[in-house]
file start15.tsv (TSV, C-alpha atoms and all ligand atoms)
chain	number	residue	atom	x	y	z
A	1	MET	CA	-4.77	-20.14	-34.97
A	2	THR	CA	-1.38	-18.89	-33.92
A	3	TYR	CA	-1.39	-17.44	-30.46
A	4	LYS	CA	0.57	-14.70	-28.77
A	5	LEU	CA	2.30	-15.89	-25.62
A	6	LEU	CA	1.72	-13.43	-22.77
A	7	ASP	CA	5.17	-13.65	-21.24
A	8	GLY	CA	5.07	-12.44	-17.64
A	9	LYS	CA	8.67	-13.35	-17.06
A	10	ASP	CA	9.84	-10.97	-19.76
A	11	LEU	CA	7.53	-8.11	-18.79
A	12	SER	CA	8.32	-8.44	-15.09
A	13	LYS	CA	12.02	-8.30	-15.94
A	14	ARG	CA	11.49	-5.04	-17.83
A	15	MET	CA	9.45	-3.64	-14.94
A	16	LYS	CA	12.14	-4.63	-12.45
A	17	GLN	CA	14.82	-2.90	-14.49
A	18	ALA	CA	12.80	0.33	-14.38
A	19	MET	CA	12.12	-0.07	-10.65
A	20	LYS	CA	15.79	-0.66	-9.94
A	21	LEU	CA	16.58	2.76	-11.42
A	22	GLU	CA	13.82	4.35	-9.38
A	23	VAL	CA	15.12	2.76	-6.18
A	24	GLN	CA	18.64	3.91	-7.04
A	25	SER	CA	17.49	7.51	-7.29
A	26	LEU	CA	15.70	7.17	-3.95
A	27	ALA	CA	18.91	5.76	-2.45
A	28	GLU	CA	20.79	8.83	-3.65
A	29	ALA	CA	18.41	10.86	-1.49
A	30	GLY	CA	19.14	8.52	1.44
A	31	ILE	CA	15.85	6.64	1.18
A	32	VAL	CA	15.60	2.84	1.01
A	33	PRO	CA	12.17	1.24	0.63
A	34	GLY	CA	11.55	-1.54	3.17
A	35	LEU	CA	9.21	-4.53	2.98
A	36	ALA	CA	8.35	-6.69	6.00
A	37	VAL	CA	7.36	-10.24	5.10
A	38	VAL	CA	5.65	-12.19	7.86
A	39	ILE	CA	5.28	-15.96	7.57
A	40	VAL	CA	3.59	-18.07	10.24
A	41	GLY	CA	4.08	-21.84	10.30
A	42	ASN	CA	5.74	-24.24	7.91
A	43	ASP	CA	3.66	-24.33	4.74
A	44	PRO	CA	6.19	-25.34	2.05
A	45	ALA	CA	4.47	-23.38	-0.75
A	46	SER	CA	4.41	-20.24	1.42
A	47	ARG	CA	8.09	-20.69	2.14
A	48	ILE	CA	8.86	-20.70	-1.60
A	49	TYR	CA	6.68	-17.62	-2.19
A	50	VAL	CA	8.38	-15.74	0.66
A	51	ASN	CA	11.86	-16.66	-0.57
A	52	ASN	CA	10.95	-15.44	-4.06
A	53	LYS	CA	9.64	-12.14	-2.70
A	54	LYS	CA	12.85	-11.58	-0.76
A	55	LYS	CA	14.92	-12.35	-3.84
A	56	ASP	CA	12.88	-9.88	-5.91
A	57	CYS	CA	13.42	-7.15	-3.32
A	58	GLU	CA	17.15	-7.73	-3.39
A	59	GLU	CA	17.16	-7.52	-7.17
A	60	VAL	CA	15.69	-4.01	-7.25
A	61	GLY	CA	17.32	-2.67	-4.08
A	62	ILE	CA	14.37	-2.84	-1.68
A	63	ARG	CA	15.32	-3.87	1.83
A	64	SER	CA	13.33	-6.91	3.00
A	65	PHE	CA	12.81	-8.01	6.59
A	66	GLU	CA	11.59	-11.52	7.23
A	67	TYR	CA	9.63	-12.45	10.35
A	68	ALA	CA	9.26	-16.24	10.45
A	69	LEU	CA	6.98	-17.18	13.34
A	70	PRO	CA	6.24	-20.68	14.61
A	71	GLU	CA	2.95	-22.46	13.85
A	72	GLU	CA	1.80	-22.04	17.46
A	73	THR	CA	2.15	-18.23	17.46
A	74	SER	CA	-0.78	-16.65	19.29
A	75	GLU	CA	-3.00	-13.98	17.80
A	76	VAL	CA	-1.79	-11.52	20.44
A	77	GLN	CA	1.81	-12.14	19.42
A	78	LEU	CA	1.09	-11.73	15.71
A	79	LEU	CA	-0.98	-8.57	16.23
A	80	GLY	CA	1.80	-7.21	18.46
A	81	LEU	CA	4.34	-7.72	15.69
A	82	ILE	CA	2.06	-5.97	13.19
A	83	ASP	CA	1.62	-3.03	15.59
A	84	ALA	CA	5.40	-2.71	15.87
A	85	LEU	CA	5.85	-2.87	12.09
A	86	ASN	CA	3.11	-0.27	11.60
A	87	GLN	CA	5.17	2.10	13.79
A	88	ASP	CA	8.57	1.27	12.27
A	89	PRO	CA	9.75	4.04	9.88
A	90	ALA	CA	12.12	1.62	8.09
A	91	ILE	CA	9.12	-0.43	6.97
A	92	ASP	CA	7.03	0.87	4.07
A	93	GLY	CA	5.12	-2.29	3.27
A	94	ILE	CA	3.83	-5.18	5.39
A	95	LEU	CA	2.86	-8.50	3.91
A	96	VAL	CA	1.50	-11.39	5.93
A	97	GLN	CA	1.82	-14.47	3.76
A	98	LEU	CA	-1.49	-16.34	3.50
A	99	PRO	CA	-2.77	-18.79	4.48
A	100	ILE	CA	-2.06	-18.39	8.18
A	101	PRO	CA	-2.75	-21.22	10.68
A	102	LYS	CA	-6.43	-21.89	11.43
A	103	HIS	CA	-6.36	-20.65	15.04
A	104	LEU	CA	-5.56	-17.12	13.83
A	105	ASP	CA	-8.33	-14.85	12.55
A	106	GLU	CA	-7.19	-13.86	9.07
A	107	ALA	CA	-9.63	-10.95	8.68
A	108	LYS	CA	-8.57	-9.50	12.01
A	109	VAL	CA	-4.89	-9.82	11.14
A	110	ILE	CA	-5.35	-8.09	7.77
A	111	ARG	CA	-7.34	-5.25	9.37
A	112	ARG	CA	-4.54	-4.65	11.85
A	113	ILE	CA	-2.02	-3.78	9.10
A	114	SER	CA	-1.92	-0.02	8.56
A	115	HIS	CA	-3.72	0.57	5.27
A	116	GLU	CA	-0.85	2.85	4.30
A	117	LYS	CA	1.52	-0.14	4.47
A	118	ASP	CA	-0.91	-2.68	2.99
A	119	VAL	CA	1.05	-3.47	-0.18
A	120	ASP	CA	-1.06	-6.59	-0.81
A	121	ALA	CA	-4.17	-4.34	-0.91
A	122	PHE	CA	-6.11	-6.79	1.27
A	123	HIS	CA	-7.25	-4.29	3.93
A	124	PRO	CA	-10.95	-3.34	3.67
A	125	TYR	CA	-9.90	0.31	3.32
A	126	ASN	CA	-7.99	-0.55	0.16
A	127	THR	CA	-10.63	-2.95	-1.18
A	128	GLY	CA	-13.14	-0.10	-0.65
A	129	GLU	CA	-11.00	2.38	-2.55
A	130	LEU	CA	-10.69	-0.18	-5.33
A	131	MET	CA	-14.47	-0.63	-5.42
A	132	ILE	CA	-15.03	3.10	-5.96
A	133	GLY	CA	-12.38	3.23	-8.65
A	134	ARG	CA	-9.54	4.98	-6.87
A	135	PRO	CA	-7.18	2.25	-5.70
A	136	VAL	CA	-4.21	3.38	-3.63
A	137	PHE	CA	-2.48	0.02	-3.86
A	138	ALA	CA	-3.47	-2.27	-6.69
A	139	PRO	CA	-4.11	-5.88	-5.66
A	140	CYS	CA	-0.98	-7.67	-6.91
A	141	THR	CA	-2.27	-10.52	-9.05
A	142	PRO	CA	-5.19	-8.71	-10.72
A	143	ALA	CA	-3.02	-5.63	-11.37
A	144	GLY	CA	-0.34	-7.92	-12.83
A	145	VAL	CA	-2.92	-9.37	-15.21
A	146	MET	CA	-3.96	-5.88	-16.32
A	147	GLU	CA	-0.32	-4.93	-17.01
A	148	LEU	CA	0.19	-8.07	-19.06
A	149	ILE	CA	-2.90	-7.36	-21.15
A	150	LYS	CA	-1.96	-3.71	-21.62
A	151	ASP	CA	1.61	-4.53	-22.60
A	152	ALA	CA	0.31	-6.90	-25.29
A	153	GLY	CA	-1.74	-4.04	-26.76
A	154	ILE	CA	-5.06	-5.81	-26.06
A	155	ASP	CA	-7.99	-3.39	-25.82
A	156	VAL	CA	-10.39	-4.23	-23.01
A	157	THR	CA	-13.10	-1.62	-23.65
A	158	GLY	CA	-16.45	-3.20	-24.39
A	159	LYS	CA	-15.08	-6.73	-24.35
A	160	ASN	CA	-16.84	-9.60	-22.60
A	161	CYS	CA	-14.60	-10.58	-19.73
A	162	VAL	CA	-15.43	-13.74	-17.80
A	163	VAL	CA	-13.65	-14.23	-14.48
A	164	VAL	CA	-13.81	-17.76	-13.11
A	165	GLY	CA	-13.30	-17.71	-9.34
A	166	ARG	CA	-14.55	-15.22	-6.73
A	167	SER	CA	-11.82	-15.09	-4.12
A	168	ASN	CA	-10.98	-11.89	-2.27
A	169	ILE	CA	-7.39	-12.14	-3.51
A	170	VAL	CA	-8.05	-12.65	-7.22
A	171	GLY	CA	-11.58	-13.08	-8.58
A	172	LYS	CA	-13.34	-10.15	-6.92
A	173	PRO	CA	-10.61	-7.50	-7.33
A	174	MET	CA	-9.93	-8.77	-10.87
A	175	SER	CA	-13.55	-8.17	-11.83
A	176	MET	CA	-13.35	-4.62	-10.43
A	177	LEU	CA	-10.22	-3.74	-12.39
A	178	MET	CA	-11.80	-5.10	-15.57
A	179	LEU	CA	-14.99	-3.17	-14.89
A	180	HIS	CA	-13.04	0.05	-14.38
A	181	ALA	CA	-11.26	-0.68	-17.67
A	182	ASN	CA	-14.71	-0.71	-19.32
A	183	ALA	CA	-15.07	-4.44	-19.91
A	184	THR	CA	-18.46	-6.13	-19.51
A	185	VAL	CA	-17.72	-8.47	-16.64
A	186	THR	CA	-19.22	-11.80	-15.60
A	187	VAL	CA	-17.98	-13.54	-12.46
A	188	CYS	CA	-18.43	-17.31	-12.39
A	189	HIS	CA	-17.84	-19.68	-9.49
A	190	SER	CA	-18.44	-23.19	-8.22
A	191	LYS	CA	-22.23	-22.75	-8.14
A	192	THR	CA	-22.48	-21.28	-11.65
A	193	LYS	CA	-24.90	-23.19	-13.88
A	194	ASP	CA	-23.40	-24.24	-17.18
A	195	LEU	CA	-19.94	-22.81	-16.67
A	196	LYS	CA	-18.91	-23.99	-20.09
A	197	SER	CA	-21.39	-21.85	-22.00
A	198	ALA	CA	-20.60	-18.85	-19.78
A	199	CYS	CA	-16.89	-19.22	-20.54
A	200	ARG	CA	-17.59	-19.55	-24.25
A	201	GLN	CA	-18.99	-16.01	-24.23
A	202	ALA	CA	-15.65	-14.61	-23.13
A	203	ASP	CA	-13.45	-12.41	-25.28
A	204	ILE	CA	-11.15	-12.38	-22.28
A	205	LEU	CA	-11.27	-15.42	-19.99
A	206	ILE	CA	-9.49	-15.20	-16.63
A	207	VAL	CA	-9.31	-18.37	-14.57
A	208	ALA	CA	-8.43	-18.59	-10.86
A	209	ILE	CA	-9.96	-21.75	-9.41
A	210	GLY	CA	-7.04	-23.92	-8.35
A	211	LYS	CA	-7.97	-26.97	-10.44
A	212	ALA	CA	-5.24	-28.40	-12.61
A	213	ASP	CA	-5.92	-28.21	-16.37
A	214	PHE	CA	-9.67	-27.75	-15.74
A	215	ILE	CA	-10.41	-25.35	-18.61
A	216	THR	CA	-10.17	-27.27	-21.86
A	217	ALA	CA	-10.67	-26.06	-25.44
A	218	ASP	CA	-14.44	-26.64	-25.31
A	219	TYR	CA	-14.72	-23.82	-22.72
A	220	VAL	CA	-13.04	-21.32	-25.00
A	221	LYS	CA	-14.27	-19.19	-27.90
A	222	GLU	CA	-12.08	-19.09	-30.99
A	223	GLY	CA	-9.71	-16.09	-30.70
A	224	ALA	CA	-10.24	-15.47	-26.98
A	225	VAL	CA	-7.54	-14.06	-24.70
A	226	VAL	CA	-6.95	-16.60	-21.93
A	227	ILE	CA	-5.32	-15.70	-18.61
A	228	ASP	CA	-4.40	-18.56	-16.29
A	229	VAL	CA	-3.94	-17.54	-12.66
A	230	GLY	CA	-3.75	-21.15	-11.42
A	231	MET	CA	-0.65	-22.75	-10.00
A	232	ASN	CA	-1.12	-26.45	-9.30
A	233	ARG	CA	1.18	-29.38	-8.96
A	234	ARG	CA	0.35	-32.40	-11.08
A	235	ASP	CA	0.80	-35.99	-9.87
A	236	ASP	CA	4.05	-36.19	-11.85
A	237	GLY	CA	5.34	-33.19	-9.84
A	238	LYS	CA	5.09	-30.72	-12.72
A	239	LEU	CA	3.60	-27.24	-12.23
A	240	THR	CA	0.49	-26.55	-14.22
A	241	GLY	CA	-2.25	-23.94	-14.34
A	242	ASP	CA	-6.04	-24.13	-14.31
A	243	VAL	CA	-6.06	-24.09	-18.12
A	244	ASP	CA	-5.14	-27.02	-20.33
A	245	PHE	CA	-2.52	-25.09	-22.29
A	246	GLU	CA	-2.06	-27.65	-25.01
A	247	SER	CA	-5.66	-27.71	-26.24
A	248	VAL	CA	-6.62	-24.11	-25.37
A	249	SER	CA	-3.58	-22.55	-27.07
A	250	LYS	CA	-4.88	-23.92	-30.39
A	251	LYS	CA	-7.99	-21.72	-30.08
A	252	ALA	CA	-6.76	-18.65	-28.16
A	253	SER	CA	-5.40	-15.49	-29.76
A	254	ALA	CA	-3.27	-14.89	-26.66
A	255	ILE	CA	-2.56	-17.02	-23.60
A	256	THR	CA	-0.38	-17.00	-20.49
A	257	PRO	CA	1.98	-19.88	-19.78
A	258	VAL	CA	2.27	-21.50	-16.34
A	259	PRO	CA	4.82	-21.01	-14.97
A	260	GLY	CA	6.09	-17.70	-16.41
A	261	GLY	CA	2.78	-15.91	-16.97
A	262	VAL	CA	0.83	-14.31	-14.13
A	263	GLY	CA	3.12	-15.43	-11.26
A	264	PRO	CA	6.08	-13.14	-12.06
A	265	MET	CA	3.64	-10.27	-12.61
A	266	THR	CA	2.18	-10.65	-9.13
A	267	ARG	CA	5.68	-10.39	-7.74
A	268	ALA	CA	6.51	-7.31	-9.82
A	269	ILE	CA	3.40	-5.46	-8.64
A	270	LEU	CA	4.30	-6.14	-5.02
A	271	LEU	CA	7.59	-4.34	-5.62
A	272	LYS	CA	5.79	-1.51	-7.38
A	273	ASN	CA	3.40	-1.14	-4.43
A	274	THR	CA	6.28	-1.12	-1.96
A	275	ILE	CA	8.02	1.68	-3.85
A	276	LYS	CA	4.71	3.56	-4.03
A	277	ALA	CA	4.25	3.14	-0.27
A	278	CYS	CA	7.77	4.46	0.28
A	279	ASN	CA	7.09	7.52	-1.87
A	280	MET	CA	3.83	8.15	0.02
A	281	HIS	CA	5.51	7.88	3.42
A	282	LYS	CA	8.35	10.11	2.33
A	283	LYS	CA	5.87	12.74	1.20
A	284	ASN	CA	4.04	12.52	4.52
A	285	MET	CA	7.29	13.12	6.34
A	286	LEU	CA	8.05	16.19	4.26
A	287	SER	CA	4.62	17.77	4.60
B	301	LIG	N1	-0.99	-16.22	-0.61
B	301	LIG	C1	-1.27	-16.46	-1.91
B	301	LIG	N2	-1.16	-15.34	-2.62
B	301	LIG	C2	-0.82	-14.36	-1.77
B	301	LIG	C3	-0.54	-12.98	-1.93
B	301	LIG	O1	-0.64	-12.39	-3.02
B	301	LIG	N3	-0.20	-12.32	-0.81
B	301	LIG	C4	-0.12	-12.92	0.39
B	301	LIG	N4	0.19	-12.18	1.44
B	301	LIG	N5	-0.36	-14.19	0.58
B	301	LIG	C5	-0.70	-14.91	-0.50
call {"tool": "encode", "arguments": {"input": "start15.tsv", "output": "structure tokens", "more": "lines below"}}
Ligand code: GUN
result
Amino acid sequence: MTYKLLDGKDLSKRMKQAMKLEVQSLAEAGIVPGLAVVIVGNDPASRIYVNNKKKDCEEVGIRSFEYALPEETSEVQLLGLIDALNQDPAIDGILVQLPIPKHLDEAKVIRRISHEKDVDAFHPYNTGELMIGRPVFAPCTPAGVMELIKDAGIDVTGKNCVVVGRSNIVGKPMSMLMLHANATVTVCHSKTKDLKSACRQADILIVAIGKADFITADYVKEGAVVIDVGMNRRDDGKLTGDVDFESVSKKASAITPVPGGVGPMTRAILLKNTIKACNMHKKNMLS
């Protein structure tokens, strides 16, 4: 079977071109969207993610503000910074790069971000709005997956969608977006019995488990759409997803590459959410 490559790099580039124009027209009205990126500690992967996000902002004309805090930052200090950013009119979006060091309470930190600036859509207010089908900010990775599927002309209605992984960042919000798009959704996880046969039911298989090349061809139905959210480093240093691309691509009708699939889409949605936040704040100021 020949497969369609779901190229997130290409789609995100097209989205960024459109966003650049939108930001230009905001700039003509004297408005510049601003994103605060907070990183605590020295996690090398987080550093790369943060650098990429800053680069993306620059590309479309969003102003980014980095707050790099030392590993030993106290919760009071971090919450104080978030309070200040919540009040700052130059900041439309606030992103605290996860994971944060163990001595900090992640849930508490996320709750402290104003839900109107929560461009990651991690705040319980936004996860609640998502649950009832009226998301203000779309969670970046799951929304990026939906865009990729839509752009490829793949119809989701009535399809069996199996999501492997139940994290708050990907698995759970992904299942909600698919449900709202009228898919029949199954969420699998580490305690699922007979994962293989569950995955083989999928018309659309979305994998976010963080295990290199775990999903092989025997997990996949002929003609399935396969979305790989994983980003792992192999022993030889190469980046790879959760899906064994080589064997699975022989069976799939469409599949994302890693890198160049979901990753760039996550980044594009963050920019989209920041512009949306800016438009919301601007409206609030006018009313
Ligand atoms: N760590 C891994 N993915 C993400 C993300 O989408 N947002 C933030 N803030 N941290 C992350």
call {"tool": "closest_residue", "arguments": {"input": "start15.tsv", "among": "A:Glu72, A:Asp43, A:Glu222, A:Glu22", "to": "Lys250 of chain A", "atoms": "only C-alpha atoms"}}
result
A:Glu222
call {"tool": "residues_around", "arguments": {"input": "start15.tsv", "residues": "Glu106 of chain A", "least_positions_apart": "6", "cutoff": "10 Å", "atoms": "all atoms listed in the file", "output": "MDAnalysis selection string"}}
result
chainID A and resid 75 96 98:100 112
call {"tool": "residues_near_ligand", "arguments": {"input": "start15.tsv", "ligand": "ligand LIG 301 (chain B)", "cutoff": "8 Å", "atoms": "all atoms listed in the file", "output": "ChimeraX atom specification"}}
result
/A:46,49,95-99,120,139-141,169,266
call {"tool": "closest_residue", "arguments": {"input": "start15.tsv", "among": "A:Leu270, A:Cys278, A:Ala254, A:Ile31", "to": "Asp92 of chain A", "atoms": "only C-alpha atoms"}}
result
A:Cys278
call {"tool": "atom_distance", "arguments": {"input": "start15.tsv", "atom1": "atom CA of Gly41 of chain A", "atom2": "atom CA of Leu69 of chain A"}}
result
6.3 Å
call {"tool": "atom_distance", "arguments": {"input": "start15.tsv", "atom1": "atom CA of Ala268 of chain A", "atom2": "atom CA of Glu66 of chain A"}}
result
18.3 Å
call {"tool": "atom_distance", "arguments": {"input": "start15.tsv", "atom1": "atom CA of Lys251 of chain A", "atom2": "atom CA of Asp203 of chain A"}}
result
11.8 Å
call {"tool": "residues_near_point", "arguments": {"input": "start15.tsv", "point": "(-9.1, -13.3, -29.0)", "cutoff": "8 Å", "atoms": "all atoms listed in the file", "output": "list in words"}}
result
Asp203, Ile204, Lys221, Glu222, Gly223, Ala224, Val225, Ala252, Ser253 and Ala254 of chain A
call {"tool": "closest_residue", "arguments": {"input": "start15.tsv", "among": "A:Pro259, A:Val156, A:Met231, A:Asp151", "to": "Met15 of chain A", "atoms": "all atoms listed in the file"}}
result
A:Asp151
call {"tool": "closest_residue", "arguments": {"input": "start15.tsv", "among": "A:Met178, A:Ala121, A:Ala45, A:Val32", "to": "Ala90 of chain A", "atoms": "all atoms listed in the file"}}
result
A:Val32
call {"tool": "closest_residue", "arguments": {"input": "start15.tsv", "among": "A:Lys4, A:Leu271, A:Lys150, A:Ser114", "to": "Glu58 of chain A", "atoms": "all atoms listed in the file"}}
result
A:Leu271
call {"tool": "closest_residue", "arguments": {"input": "start15.tsv", "among": "A:Cys188, A:Leu195, A:Met146, A:Val38", "to": "Ile227 of chain A", "atoms": "only C-alpha atoms"}}
result
A:Met146
call {"tool": "residues_near_point", "arguments": {"input": "start15.tsv", "point": "(-0.9, -27.5, -10.2)", "cutoff": "9 Å", "atoms": "only C-alpha atoms", "output": "CSV table (one decimal) with C-alpha atoms, in the coordinates of the input"}}
result
chain,number,residue,atom,x,y,z
A,210,GLY,CA,-7.0,-23.9,-8.4
A,211,LYS,CA,-8.0,-27.0,-10.4
A,212,ALA,CA,-5.2,-28.4,-12.6
A,213,ASP,CA,-5.9,-28.2,-16.4
A,230,GLY,CA,-3.8,-21.2,-11.4
A,231,MET,CA,-0.6,-22.8,-10.0
A,232,ASN,CA,-1.1,-26.4,-9.3
A,233,ARG,CA,1.2,-29.4,-9.0
A,234,ARG,CA,0.4,-32.4,-11.1
A,235,ASP,CA,0.8,-36.0,-9.9
A,237,GLY,CA,5.3,-33.2,-9.8
A,238,LYS,CA,5.1,-30.7,-12.7
A,239,LEU,CA,3.6,-27.2,-12.2
A,240,THR,CA,0.5,-26.6,-14.2
A,241,GLY,CA,-2.2,-23.9,-14.3
A,242,ASP,CA,-6.0,-24.1,-14.3
call {"tool": "residues_around", "arguments": {"input": "start15.tsv", "residues": "Leu205 of chain A", "least_positions_apart": "5", "cutoff": "8 Å", "atoms": "all atoms listed in the file", "output": "list in words"}}
result
Cys161, Val162, Val163, Val164, Cys199, Val220, Ala224, Val225, Val226 and Ile227 of chain A
call {"tool": "write_last_selection", "arguments": {"input": "start15.tsv", "atoms": "C-alpha atoms", "output": "mmCIF file, in the coordinates of the input"}}
result
data_model
loop_
_atom_site.group_PDB
_atom_site.id
_atom_site.type_symbol
_atom_site.label_atom_id
_atom_site.label_comp_id
_atom_site.auth_asym_id
_atom_site.auth_seq_id
_atom_site.Cartn_x
_atom_site.Cartn_y
_atom_site.Cartn_z
ATOM 1 C CA CYS A 161 -14.600 -10.580 -19.730
ATOM 2 C CA VAL A 162 -15.430 -13.740 -17.800
ATOM 3 C CA VAL A 163 -13.650 -14.230 -14.480
ATOM 4 C CA VAL A 164 -13.810 -17.760 -13.110
ATOM 5 C CA CYS A 199 -16.890 -19.220 -20.540
ATOM 6 C CA VAL A 220 -13.040 -21.320 -25.000
ATOM 7 C CA ALA A 224 -10.240 -15.470 -26.980
ATOM 8 C CA VAL A 225 -7.540 -14.060 -24.700
ATOM 9 C CA VAL A 226 -6.950 -16.600 -21.930
ATOM 10 C CA ILE A 227 -5.320 -15.700 -18.610
#
call {"tool": "residues_around", "arguments": {"input": "start15.tsv", "residues": "segment 79-88 of chain A", "least_positions_apart": "6", "cutoff": "12 Å", "atoms": "only C-alpha atoms", "output": "ChimeraX atom specification"}}
result
/A:34-40,65-69,73,94-96,104-118,281
